[in-house]
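work33.cif follows; it contains mmCIF, C-alpha atoms.
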data_protein
loop_
_atom_site.group_PDB
_atom_site.id
_atom_site.type_symbol
_atom_site.label_atom_id
_atom_site.label_comp_id
_atom_site.auth_asym_id
_atom_site.auth_seq_id
_atom_site.Cartn_x
_atom_site.Cartn_y
_atom_site.Cartn_z
ATOM 1 C CA MET B 3 13.112 -27.553 6.176
ATOM 2 C CA PHE B 4 11.953 -24.222 4.779
ATOM 3 C CA ASP B 5 13.197 -21.186 6.683
ATOM 4 C CA PRO B 6 10.904 -18.246 5.887
ATOM 5 C CA THR B 7 12.508 -14.982 4.878
ATOM 6 C CA VAL B 8 11.713 -11.541 6.281
ATOM 7 C CA PHE B 9 9.513 -11.035 3.208
ATOM 8 C CA ASP B 10 7.541 -14.229 3.939
ATOM 9 C CA ASN B 11 7.043 -13.356 7.604
ATOM 10 C CA LEU B 12 5.894 -9.788 6.908
ATOM 11 C CA LYS B 13 3.598 -10.990 4.123
ATOM 12 C CA VAL B 14 1.903 -13.393 6.544
ATOM 13 C CA GLY B 15 1.633 -10.615 9.139
ATOM 14 C CA PHE B 16 -0.135 -8.318 6.669
ATOM 15 C CA GLU B 17 -2.370 -11.132 5.432
ATOM 16 C CA ASN B 18 -3.414 -12.094 8.969
ATOM 17 C CA THR B 19 -4.207 -8.521 9.989
ATOM 18 C CA LEU B 20 -6.043 -7.488 6.822
ATOM 19 C CA TYR B 21 -7.957 -10.743 6.320
ATOM 20 C CA ASP B 22 -9.122 -10.530 9.965
ATOM 21 C CA LEU B 23 -10.398 -7.003 9.262
ATOM 22 C CA ASP B 24 -12.226 -8.462 6.252
ATOM 23 C CA ASN B 25 -13.562 -11.788 7.516
ATOM 24 C CA LEU B 26 -13.941 -11.282 11.262
ATOM 25 C CA ASP B 27 -14.493 -7.548 11.754
ATOM 26 C CA GLU B 28 -16.187 -7.036 8.353
ATOM 27 C CA LEU B 29 -14.679 -3.555 8.240
ATOM 28 C CA ILE B 30 -12.886 -3.863 4.890
ATOM 29 C CA LEU B 31 -13.230 -5.943 1.755
ATOM 30 C CA ILE B 32 -10.128 -7.477 0.163
ATOM 31 C CA THR B 33 -10.482 -6.707 -3.554
ATOM 32 C CA ASP B 34 -7.188 -7.955 -5.008
ATOM 33 C CA ARG B 35 -4.139 -9.968 -4.033
ATOM 34 C CA ARG B 36 -0.934 -10.355 -6.019
ATOM 35 C CA ASP B 37 2.133 -12.345 -5.032
ATOM 36 C CA ARG B 38 4.826 -12.113 -7.702
ATOM 37 C CA LEU B 39 8.268 -13.505 -8.233
ATOM 38 C CA GLU B 40 10.022 -11.585 -11.002
ATOM 39 C CA MET B 41 12.260 -14.191 -12.594
ATOM 40 C CA ALA B 42 14.420 -11.712 -14.534
ATOM 41 C CA SER B 43 15.564 -9.811 -11.452
ATOM 42 C CA MET B 44 14.697 -12.485 -8.846
ATOM 43 C CA SER B 45 12.739 -9.888 -6.877
ATOM 44 C CA ARG B 46 9.472 -10.413 -5.040
ATOM 45 C CA GLU B 47 6.395 -8.253 -4.659
ATOM 46 C CA PHE B 48 3.252 -8.779 -2.612
ATOM 47 C CA VAL B 49 0.210 -6.512 -2.999
ATOM 48 C CA LEU B 50 -2.975 -6.698 -0.972
ATOM 49 C CA GLN B 51 -5.715 -4.281 -2.092
ATOM 50 C CA PHE B 52 -8.810 -3.449 -0.079
ATOM 51 C CA SER B 53 -11.590 -0.917 0.380
ATOM 52 C CA LEU B 54 -14.054 -0.046 3.090
ATOM 53 C CA ARG B 55 -16.985 -2.466 2.795
ATOM 54 C CA ALA B 56 -19.574 0.120 1.733
ATOM 55 C CA HIS B 57 -17.190 2.223 -0.382
ATOM 56 C CA PRO B 58 -15.369 0.327 -3.157
ATOM 57 C CA GLU B 59 -14.727 3.606 -5.013
ATOM 58 C CA VAL B 60 -11.624 4.304 -2.893
ATOM 59 C CA THR B 61 -8.983 1.605 -2.516
ATOM 60 C CA GLY B 62 -5.895 1.107 -0.405
ATOM 61 C CA GLU B 63 -2.984 -1.217 -1.074
ATOM 62 C CA VAL B 64 -0.125 -2.570 0.978
ATOM 63 C CA VAL B 65 2.881 -3.216 -1.276
ATOM 64 C CA LEU B 66 5.751 -5.246 0.122
ATOM 65 C CA SER B 67 8.792 -5.858 -2.073
ATOM 66 C CA SER B 68 12.206 -7.405 -1.739
ATOM 67 C CA SER B 69 15.183 -7.352 -4.079
ATOM 68 C CA LEU B 70 17.608 -10.143 -4.884
ATOM 69 C CA GLU B 71 20.297 -8.305 -2.896
ATOM 70 C CA ALA B 72 18.128 -8.124 0.235
ATOM 71 C CA ILE B 73 17.066 -11.764 -0.052
ATOM 72 C CA ALA B 74 20.660 -12.900 -0.632
ATOM 73 C CA ALA B 75 21.949 -10.798 2.286
ATOM 74 C CA GLU B 76 19.485 -12.566 4.547
ATOM 75 C CA ILE B 77 19.878 -16.128 3.284
ATOM 76 C CA LEU B 78 23.680 -15.938 3.035
ATOM 77 C CA GLU B 79 23.886 -13.970 6.304
ATOM 78 C CA LYS B 80 26.183 -11.384 4.741
ATOM 79 C CA PRO B 81 27.593 -9.077 7.434
ATOM 80 C CA ASP B 82 27.550 -6.036 5.124
ATOM 81 C CA GLY B 83 24.162 -6.870 3.552
ATOM 82 C CA VAL B 84 20.890 -5.108 4.287
ATOM 83 C CA PRO B 85 18.148 -7.711 4.630
ATOM 84 C CA GLY B 86 14.564 -6.589 4.752
ATOM 85 C CA CYS B 87 11.759 -5.339 2.554
ATOM 86 C CA ARG B 88 10.498 -2.107 1.115
ATOM 87 C CA LEU B 89 7.028 -0.992 2.168
ATOM 88 C CA GLN B 90 4.745 1.233 0.154
ATOM 89 C CA LEU B 91 1.109 2.192 0.661
ATOM 90 C CA ARG B 92 -1.102 3.177 -2.255
ATOM 91 C CA PHE B 93 -4.511 4.793 -2.352
ATOM 92 C CA ALA B 94 -6.589 5.253 -5.502
ATOM 93 C CA MET B 95 -9.775 7.100 -6.335
ATOM 94 C CA LYS B 96 -11.440 9.144 -9.082
ATOM 95 C CA ILE B 97 -11.546 12.933 -8.833
ATOM 96 C CA VAL B 98 -12.812 15.809 -10.984
ATOM 97 C CA GLN B 99 -10.772 18.786 -9.760
ATOM 98 C CA PRO B 100 -7.124 17.741 -9.570
ATOM 99 C CA ASP B 101 -5.568 20.813 -7.940
ATOM 100 C CA PRO B 102 -7.768 21.170 -4.838
ATOM 101 C CA ASP B 103 -8.510 17.447 -4.526
ATOM 102 C CA CYS B 104 -4.854 16.381 -4.739
ATOM 103 C CA GLU B 105 -3.938 18.941 -2.083
ATOM 104 C CA ARG B 106 -6.638 17.534 0.213
ATOM 105 C CA ILE B 107 -5.487 13.967 -0.448
ATOM 106 C CA ARG B 108 -1.875 14.885 0.358
ATOM 107 C CA THR B 109 -2.996 16.588 3.590
ATOM 108 C CA ILE B 110 -4.991 13.513 4.665
ATOM 109 C CA LEU B 111 -2.028 11.192 4.078
ATOM 110 C CA GLN B 112 0.477 13.520 5.745
ATOM 111 C CA GLN B 113 -1.607 13.407 8.928
ATOM 112 C CA SER B 114 -0.872 9.687 9.298
ATOM 113 C CA TRP B 115 2.579 9.585 7.694
ATOM 114 C CA PRO B 116 4.179 13.031 8.145
ATOM 115 C CA GLN B 117 7.778 11.833 7.781
ATOM 116 C CA GLN B 118 7.302 9.764 4.627
ATOM 117 C CA SER B 119 7.501 10.698 0.947
ATOM 118 C CA ILE B 120 4.068 11.052 -0.636
ATOM 119 C CA ILE B 121 3.718 11.123 -4.407
ATOM 120 C CA LEU B 122 0.453 11.679 -6.268
ATOM 121 C CA LYS B 123 0.030 10.576 -9.871
ATOM 122 C CA LEU B 124 -2.850 11.496 -12.163
ATOM 123 C CA GLN B 125 -4.200 9.550 -15.110
ATOM 124 C CA TYR B 126 -7.044 10.389 -17.475
ATOM 125 C CA VAL B 127 -8.402 9.437 -20.878
ATOM 126 C CA TYR B 128 -7.533 12.043 -23.484
ATOM 127 C CA GLU B 129 -10.558 13.705 -25.100
ATOM 128 C CA GLU B 130 -12.976 12.135 -22.613
ATOM 129 C CA GLU B 131 -15.520 14.653 -21.332
ATOM 130 C CA PRO B 132 -16.204 15.333 -18.598
ATOM 131 C CA ARG B 133 -12.609 14.696 -17.670
ATOM 132 C CA ILE B 134 -12.325 12.214 -14.810
ATOM 133 C CA TYR B 135 -8.925 11.794 -13.203
ATOM 134 C CA VAL B 136 -7.738 8.674 -11.451
ATOM 135 C CA VAL B 137 -5.350 9.678 -8.704
ATOM 136 C CA SER B 138 -2.876 7.234 -7.225
ATOM 137 C CA ALA B 139 -1.404 8.474 -3.953
ATOM 138 C CA GLU B 140 1.700 6.583 -2.867
ATOM 139 C CA VAL B 141 3.345 6.658 0.553
ATOM 140 C CA TYR B 142 6.999 5.546 0.453
ATOM 141 C CA PHE B 143 8.841 4.464 3.585
ATOM 142 C CA ASP B 144 12.454 5.575 3.521
ATOM 143 C CA ARG B 145 14.001 2.475 5.060
ATOM 144 C CA ASN B 146 13.803 -1.288 4.929
ATOM 145 C CA VAL B 147 11.342 -3.001 7.230
ATOM 146 C CA ASN B 148 11.864 -6.355 8.912
ATOM 147 C CA GLU B 149 10.371 -8.535 11.651
ATOM 148 C CA GLU B 150 11.108 -5.836 14.238
ATOM 149 C CA GLN B 151 8.187 -3.890 12.740
ATOM 150 C CA MET B 152 5.791 -6.867 12.845
ATOM 151 C CA GLY B 153 4.009 -5.410 15.886
ATOM 152 C CA ASP B 154 3.363 -2.177 13.952
ATOM 153 C CA ILE B 155 1.190 -3.884 11.318
ATOM 154 C CA PRO B 156 -2.156 -3.566 13.195
ATOM 155 C CA GLU B 157 -1.512 0.144 13.853
ATOM 156 C CA LEU B 158 -0.530 0.679 10.212
ATOM 157 C CA ALA B 159 -3.794 -1.010 9.155
ATOM 158 C CA GLU B 160 -5.741 1.316 11.491
ATOM 159 C CA HIS B 161 -4.064 4.353 9.935
ATOM 160 C CA MET B 162 -4.910 3.058 6.455
ATOM 161 C CA ILE B 163 -8.567 2.563 7.417
ATOM 162 C CA ASP B 164 -8.665 6.066 8.904
ATOM 163 C CA ALA B 165 -7.130 7.484 5.706
ATOM 164 C CA LEU B 166 -9.615 5.520 3.566
ATOM 165 C CA THR B 167 -12.497 6.889 5.666
ATOM 166 C CA GLN B 168 -11.295 10.457 5.115
ATOM 167 C CA LEU B 169 -10.699 9.867 1.397
ATOM 168 C CA VAL B 170 -14.214 8.448 1.033
ATOM 169 C CA ALA B 171 -15.588 11.583 2.733
ATOM 170 C CA LEU B 172 -13.601 13.699 0.263
ATOM 171 C CA HIS B 173 -14.835 11.583 -2.648
ATOM 172 C CA THR B 174 -18.494 11.881 -1.667
ATOM 173 C CA SER B 175 -18.408 15.615 -0.915
#
Represent the structure contained in this file as structure tokens.
Amino acid sequence: MFDPTVFDNLKVGFENTLYDLDNLDELILITDRRDRLEMASMSREFVLQFSLRAHPEVTGEVVLSSSLEAIAAEILEKPDGVPGCRLQLRFAMKIVQPDPDCERIRTILQQSWPQQSIILKLQYVYEEEPRIYVVSAEVYFDRNVNEEQMGDIPELAEHMIDALTQLVALHTS
């Protein structure tokens, strides 16, 4: 019989919460889903991307990943191992003025996740005028997550929707 790992259980928890917000509540729209097994490193990554229904120009992603070491620690029940997954949240949108807009984006994300590392990355096409920047804002959680955080998933989704709402307001202003 298959015994699901922490990764599998958290993945299902995120899927249930976010697909309910899409299909039942019609608050968000799931725009992409990736579930990868990297054969070279035997790591796993699950990404679920979504946007507010009326605003596809700003996206949010839940990224759940697990390394071979974490999976092995769990399956082999190693006493010194650290089972669990890494959690990352990503937000993406286009901006025109990187300095003020990135500062506003950082402020919005720090309201919901003040203790976490937030990294903003810019990308643009060289020589394209007017210059449009794609900003990817990433929220990194500093510890592994496991089934003990399963009950936090709906609240995390609410914070992401709130952040998306504020980012859409920034984008349209």
Kindly extract all protein, DNA and RNA residues lying within 6 Å of the coordinates (-4.4, 8.6, 1.7) given in the file, considering all atoms listed in the file, and supply them as a count of residues only. 5
Would you place a box with edges along x, y and z of the file around all atoms of region 157-163 of chain B listed there, add 4 Å to each of its six sides, and report the centre and edge lengths in Å to one decimal, as JSON?
{"center_x": -4.5, "center_y": 1.7, "center_z": 10.2, "size_x": 16.0, "size_y": 13.4, "size_z": 15.4}
In Å, rounded to a single decimal, give me how far CA of Ser138 (chain B) is from CA of Ile97 (chain B). 10.5 Å
Counting all atoms listed in the file, which of B:Gln99, B:Ser69, B:Gln151, B:Ser53 gets nearest to Met41 (chain B)?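 Once distances to Met41 (chain B) are computed over all atoms listed in the file, the minimum belongs to B:Ser69.
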Apply the PyMOL selection byres ((chain B and resi 126) around 10) to the file shown and report the selected residues as a ChimeraX atom specification. /B:96,124-125,127-130,133-137
Selection under test: the PyMOL selection byres ((chain B and resi 22-32) around 12); residues as number ranges by chain: B: 14-21, 33-36, 49-64, 156, 159-160, 162-164, 166-167
I'd like the interatomic distance between CA of Ile155 (chain B) and CA of Ser45 (chain B), to a tenth of an Å.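 Separation between CA of Ile155 (chain B) and CA of Ser45 (chain B): 22.4 Å.
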